[in-house]
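*Asks:* Take this structure, written in structure tokens, and hold onto it; I'll ask about it next.
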Amino acid sequence: MSVNQQTHTGPPYGQPQPGYQGYQQPAYGGQPLPGVPHSQYGVYNGPMPGYQQPVPPQGSVRAPSTSGTSLSSGHLGYSPFGQGDVQNGIPASTAPMQRPPASQPFLPGSAPVPVSQTSMLQQYGPPPASVQQLSNHMAGMTIGSTSTSAPPPAGLGYGPPTSVPPVSGSFSATGSGLYTPYTASQGPLPPSVSQGLPLAQPPFSGQPVSTQRLPTQVPGFASPPSSTGIGPSSYPPTTGAPRPPTMPGPPLPVQTAAGPPTSQPNHVSSPPPPPSTLSGPYPGPPMSGLRGPPPPTHPPQPGYQMQQNGSFEQVRGPQTNYGGAYPGTPNYGSQPGPPPPPKRLDPDSIPSPIQVIEDDRSNRGSEPFVTGVRGQVPPLVTTNFLVKDQGNASPRYIRCTSYNIPCTSDMAKQSQVPLAAVIKPLATLPPDETLPYLVDHGESGPVRCNRCKAYMCPFMQFIEGGRRFQCCFCSCVTEVPPHYFQHLDHTGKRVDFYDRPELSLGSYEFLATVDYCKNNKFPSPPAFIFMIDVSYNAVKSGLVRLICEELKSLLDYLPREGNMEESAIRVGFVTYNKVLHFYNVKSSLAQPQMMVVSDVADMFVPLLDGFLVNVNESRTVIISLLDQIPEMFADTRETETVFGPVIQAGLEALKAAECAGKLFIFHTSLPIAEAPGKLKNRDDKKLINTDKEKTLFQPQTSFYNNLAKDCVAQGCCVDLFLFPNQYLDVATLGIVTYQTGGSIYKYAYFQLETDQDRFLNDLRRDVQKEVGFDAVMRVRTSTGIRATDFFGAFFMSNTTDVEMAGLDCDKTITVEFKHDDKLSEDSGALLQCALLYTSCAGQRRLRIHNLSLNCCTQLADLYRNCETDTLINYLAKYAYRGVLNSPVKTVRDALINQCAQILACYRKNCASPSSAGQLILPECMKLLPVYLNCVLKSDVLQPGLEVTTDDRAYIRQLVTSMDVAETNVFFYPRLLPVTKADVDSDSLPAAIRNSEERLSKGDIYLLENGLNIFVWVGVNVQQGLIQNLFGVSSFSQISSTLNTLPVLENPFSKKVRSIIDMLQVQRSRYMKLIIVKQEDKLEMLFKQFLVEDKSLTGGASYVDFLCHMHKEIRQLLS
Ligand SMILES: [Zn+2]
């Protein structure tokens, strides 16, 4: 019947929005205004038709066909769908509007090259268009000469290393050299130079970046000193940060020479490099150490600089700020005769993530991304852009590793590029984009292919005057049901094309019929059950009281459908330690009643009537209960808890109520009390780097796997809030959460004062966010490829259906595809993701996302249409799953090997002929090495200092559900110089690269990775700034235990706090704020996030890793 604007199953602020912070404002505590729930949050400031005024689910506003009411014309671009009866006949004329001929998208053979793409190619001129050439020689080039063997003159140590002339000089040089052969300016490289490069080194011997072997690990890259000297640790004197235990001896002064310094012409600026620098910096013996296999005499190639295309300009960007960096670095110079550094790649001349991000923003941020074209690569996740759905799903729902798939499996294997899609079926859209429309076909349900059951979509071909349609997935021909018949126009297109979302849009929803429901019965609205640990630690820390207080107001913000006045979700309450307490909060009671179940071995729910209730009806009793709980357990001495029975109790309660739902469990300790699912402490850090390390990630009992399976069958999703003071086995406790599609949160050493804001923000968002229940997702593909593997938080009982007790707007599922036949360039490849779920009001729906991709017979087309951020998302998930079954080192080596193969295949088949000594990267993958290195250095694959077993299990679980934007910032954090921010503008300061050498002692920086925000304060920051930001008069008075910035009335304070607020609302979790003073203890922790540097636990620096990759690639090519 009618096609409606989809009702919102969740509040608009499900996704952090600028206004989200408003949440914490007084308004929150206030009474919700019925019917206008969201406005209080001030979330979507500004008029956003779709959001601010949610349309009633079936009401007049949404204009169901039956009622004949029509949507106000202002209702989003797609008004036609909202108007009148779309089902039959041609709807209002408004429809055809801005849509260009639909054929455009899928014309066979049209294989359009994305516009932006083309332009980029042009930019990079050289033939293999996207080629990024990186000649190792170039590195040598930047470094003047290696000739001298004399020790570096004292004092030159640091600044000088850059043989390159001062900033301007060095860059202009490179700039001009962009497309000119290296030789032109530099002449042939001295042999020594090339030798200095890692590539020349003896085989890396397969232990690229192995953790424990600090000193040795990077031997292949450069002389030993350099390897150790790289990275933060190398600057001990200045930083004063405690040295990691592993670091042997005093820092090698080398470092300076080693990597960074050379690269930093800018830094040098403070003290202009003495002329001597040119030769001085690299005088040392070390050269010999570097020698490897005979350096090929590579004629200088244009390569390096060229690929850098953007990098030079970059200098004017963030880096410029650093002109004055390291003003006080004299220490470096004073280092005792450091082994002279080998020449290294100039960090400024290797691909810069910041530059790539900036370029994409400026090239693609201004135009809307219109999805009408097949195989179009979307802008990067770091770019703000508007999406217009014209037949393919928005990249907010689906992103692919490549938008051009090899036609044959042989080609795919040859390239080693994984073919995967990262799907976020319920993604929250920005306010100015249109939510998927809800299509109601009445009792007949959605129209589907008879054979493969694919849902009607824009790619189905209508034939025989519209009486039948041919499936775009399996080619089967299906009769068009009489009620769905429509004539075709002269182009063969249905005349109602534009009026039906399922014919013209990439994403839409169908109202499901009873056939799509469990037991052929429409579902009841879901329930939320709050289960609170009331053991000694939880009570003593104030947690129990905090939760109860919060719930009193939070219960008024349960997700509701559209603009329903109240949520349909019922609530229930349980408290527990070694036993469980259920509460009867029936509205007719004067006081809540408690029922204790001490037989935890055989869990049952002692009451049905009065356990799950409507908040408004039982408000008084609920408030009374929440007031009483903290008092009831105030004097508890019970320290032991159970855990398995808690989930069982929630599950049984939902079963009894015959509904799906979510358990919110607030838990503090390892469940050692006698009960099913009892655990023992089996943490053992000695297992790290052994073959048994994988057991740390595996659950210690199968009990929870079995329980998870039962939960999924019932649609019981489990969200877990953990507050551990010691090991509590996240790997085991998290299983149920993981397999039911739930979320996990961990607040180690929870302290009320410092952690409550973070916890409460997470809880609020978690309770309110859009979520579907009892969900099943299936991905169908056109002939030739099929979905073969899945990554994410879900359960699978067969090979095709991804089951989730709950699926919220933040969760992604990464799907890998393999060939099972040949593809054709003409027809391309199609994906259709269908998600069946129950909305928060109990409505059964199908959400459909379609995406069409190009297919290619030339590898170059594959490499031109890849998306590295998505590739990294896939690779990280693949690796993080791998650690369950293989030694971590094996997993890491496999990752490196696969990426080397990807890049080697490109080099061999797509790049123009060039010397073997050159590293040539595909333009679209030029960041693959730096990002891959970040994944390899992440805590799961290479634990940092003080990272616990629980931390690793936790991170592993989080990453598995992350979308591409989240993995991007998680692995390569965003670093912002806030002292450079313009206090008069709303914009963020330009980000800079994650390396210590980019930090200036005179500045303050923010670094965020989606879980933490660090505020790093340099020792030389002006007193005035410190006063303005921290309210104290000197650096030494800044307290590093602060977890929030004081609210001070001055422009700088306001600006920094507003930036932090802005970052917070962009992330799905409230980030922990940590103040780091330069040279303070905490700085070690901070440095682990400077991912371009060598890490304290042995992770390679970007420069070193790039060299290593180059070597691996060369080996594959030889
Ligand atoms: Zn079919």
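The way I read the labels, and the way they are meant: chains A, B, ... in the order of the structure tokens, residue 1 as the first residue of every chain, and ligand 1 as the first ligand shown, with later ones counted on from there.
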Identify, on the basis of only C-alpha atoms, every residue whose closest approach to stretch 447-453 of chain A does not exceed 7 Å; exclude the query and any residue fewer than 4 positions from it along the same chain; express the result as a PyMOL selection string.
*Replies:* chain A and resi 471+474+476+478
*Asks:* Fewer than 3 positions away in the same chain doesn't count, so skip those; otherwise give me all residues within 7 Å of stretch 389-391 of chain A, counting only C-alpha atoms, as a VMD selection string.
*Replies:* chain A and resid 370 to 372 394 458 504 to 506
*Asks:* Pick out the closest residue to ligand 1 from this set: A:Cys472, A:Ala829, A:Val544, A:Met1071. Count only C-alpha atoms and all ligand atoms.
*Replies:*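 Selected residue with least distance to ligand 1: A:Cys472.
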*Asks:* Any idea what's packed within 12 Å of A:Val969, counting only C-alpha atoms, ignoring anything in its chain fewer than 2 positions away? Could you give it as an NGL selection string?
*Replies:* :A and (353-354 or 357 or 381-382 or 869 or 872-873 or 931 or 934-935 or 959 or 962-967 or 971-975 or 991 or 994 or 1007-1013 or 1063 or 1066-1067 or 1089 or 1091)
*Asks:* Using only C-alpha atoms, which of the listed residues (A:Thr740, A:Thr812, A:Gln376, A:Ser1095) sits closest to A:Gly661?
*Replies:*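 Closest candidate: A:Thr740.
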*Asks:* What does the structure give for the distance between atom CA of A:Leu976 and atom CA of A:Tyr1005, in Å to one decimal?
*Replies:*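 Value for the atom CA of A:Leu976-atom CA of A:Tyr1005 distance: 5.4 Å.
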*Asks:* Please report the interatomic distance between atom CA of A:Leu733 and atom CA of A:Lys685 in Å with one decimal.
*Replies:* 18.7 Å
*Asks:* Report the distance between atom CA of A:Tyr878 and atom CA of A:Met411 in Å, rounded to one decimal place.
*Replies:*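 Separation between atom CA of A:Tyr878 and atom CA of A:Met411: 21.2 Å.
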*Asks:* What's around stretch 798-800 of chain A at 8 Å? Count only C-alpha atoms, leave out sequence neighbours fewer than 2 positions away in its own chain, and write the answer as a PyMOL selection string.
*Replies:* chain A and resi 778-779+787-788+796+802
*Asks:* Those residues with N, CA, C and O atoms, as a short mmCIF file (atom, residue, chain, number, x, y, z; two decimals), in the first residue's frame please?
*Replies:*
data_model
loop_
_atom_site.label_atom_id
_atom_site.label_comp_id
_atom_site.auth_asym_id
_atom_site.auth_seq_id
_atom_site.Cartn_x
_atom_site.Cartn_y
_atom_site.Cartn_z
N ARG A 778 21.34 -11.53 5.50
CA ARG A 778 21.90 -12.36 4.43
C ARG A 778 22.39 -11.47 3.30
O ARG A 778 21.75 -10.48 2.96
N VAL A 779 23.53 -11.84 2.75
CA VAL A 779 24.08 -11.07 1.64
C VAL A 779 24.00 -11.93 0.37
O VAL A 779 24.59 -13.01 0.32
N ALA A 787 29.39 -14.58 -0.92
CA ALA A 787 29.91 -14.26 0.41
C ALA A 787 30.43 -15.54 1.04
O ALA A 787 29.71 -16.54 1.10
N THR A 788 31.67 -15.52 1.47
CA THR A 788 32.24 -16.75 2.01
C THR A 788 32.65 -16.63 3.47
O THR A 788 32.84 -17.63 4.14
N MET A 796 26.41 -17.61 13.88
CA MET A 796 25.99 -18.24 12.63
C MET A 796 25.72 -19.71 12.85
O MET A 796 26.57 -20.42 13.37
N VAL A 802 23.65 -14.54 9.01
CA VAL A 802 24.29 -13.91 10.16
C VAL A 802 23.18 -13.56 11.15
O VAL A 802 22.30 -12.77 10.84
#
*Asks:* Select, from A:Lys1077, A:Ala421, A:Gln739, A:Arg374, the residue with the minimum atom-to-atom distance to A:Asp826, counting only C-alpha atoms.
*Replies:*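 Using only C-alpha atoms, A:Asp826 sits closest to A:Arg374.
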*Asks:* Compare A:Leu426, A:Ala512, A:Met632, A:Met460 by their minimum atom-to-atom distance to ligand 1, counting only C-alpha atoms and all ligand atoms, and give me the closest one.
*Replies:* A:Met460
*Asks:* Extract the full set of strand (DSSP E or B) residues from stretch 523-679 of chain A according to DSSP on the backbone, and format it as a PyMOL selection string.
*Replies:* chain A and resi 527-533+570-576+580-584+593-597+613+661-667
*Asks:* Would you please work out which residue, of A:Phe703, A:Phe530, A:Phe1014, A:Phe497, is nearest to A:Gln461 when using only C-alpha atoms?
*Replies:* A:Phe497
*Asks:* Out of A:His849, A:Lys1055, A:Arg560, A:Arg780, which residue has the shortest atom-to-atom distance to ligand 1 when counting only C-alpha atoms and all ligand atoms?
*Replies:*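 Selected residue with least distance to ligand 1: A:Arg780.
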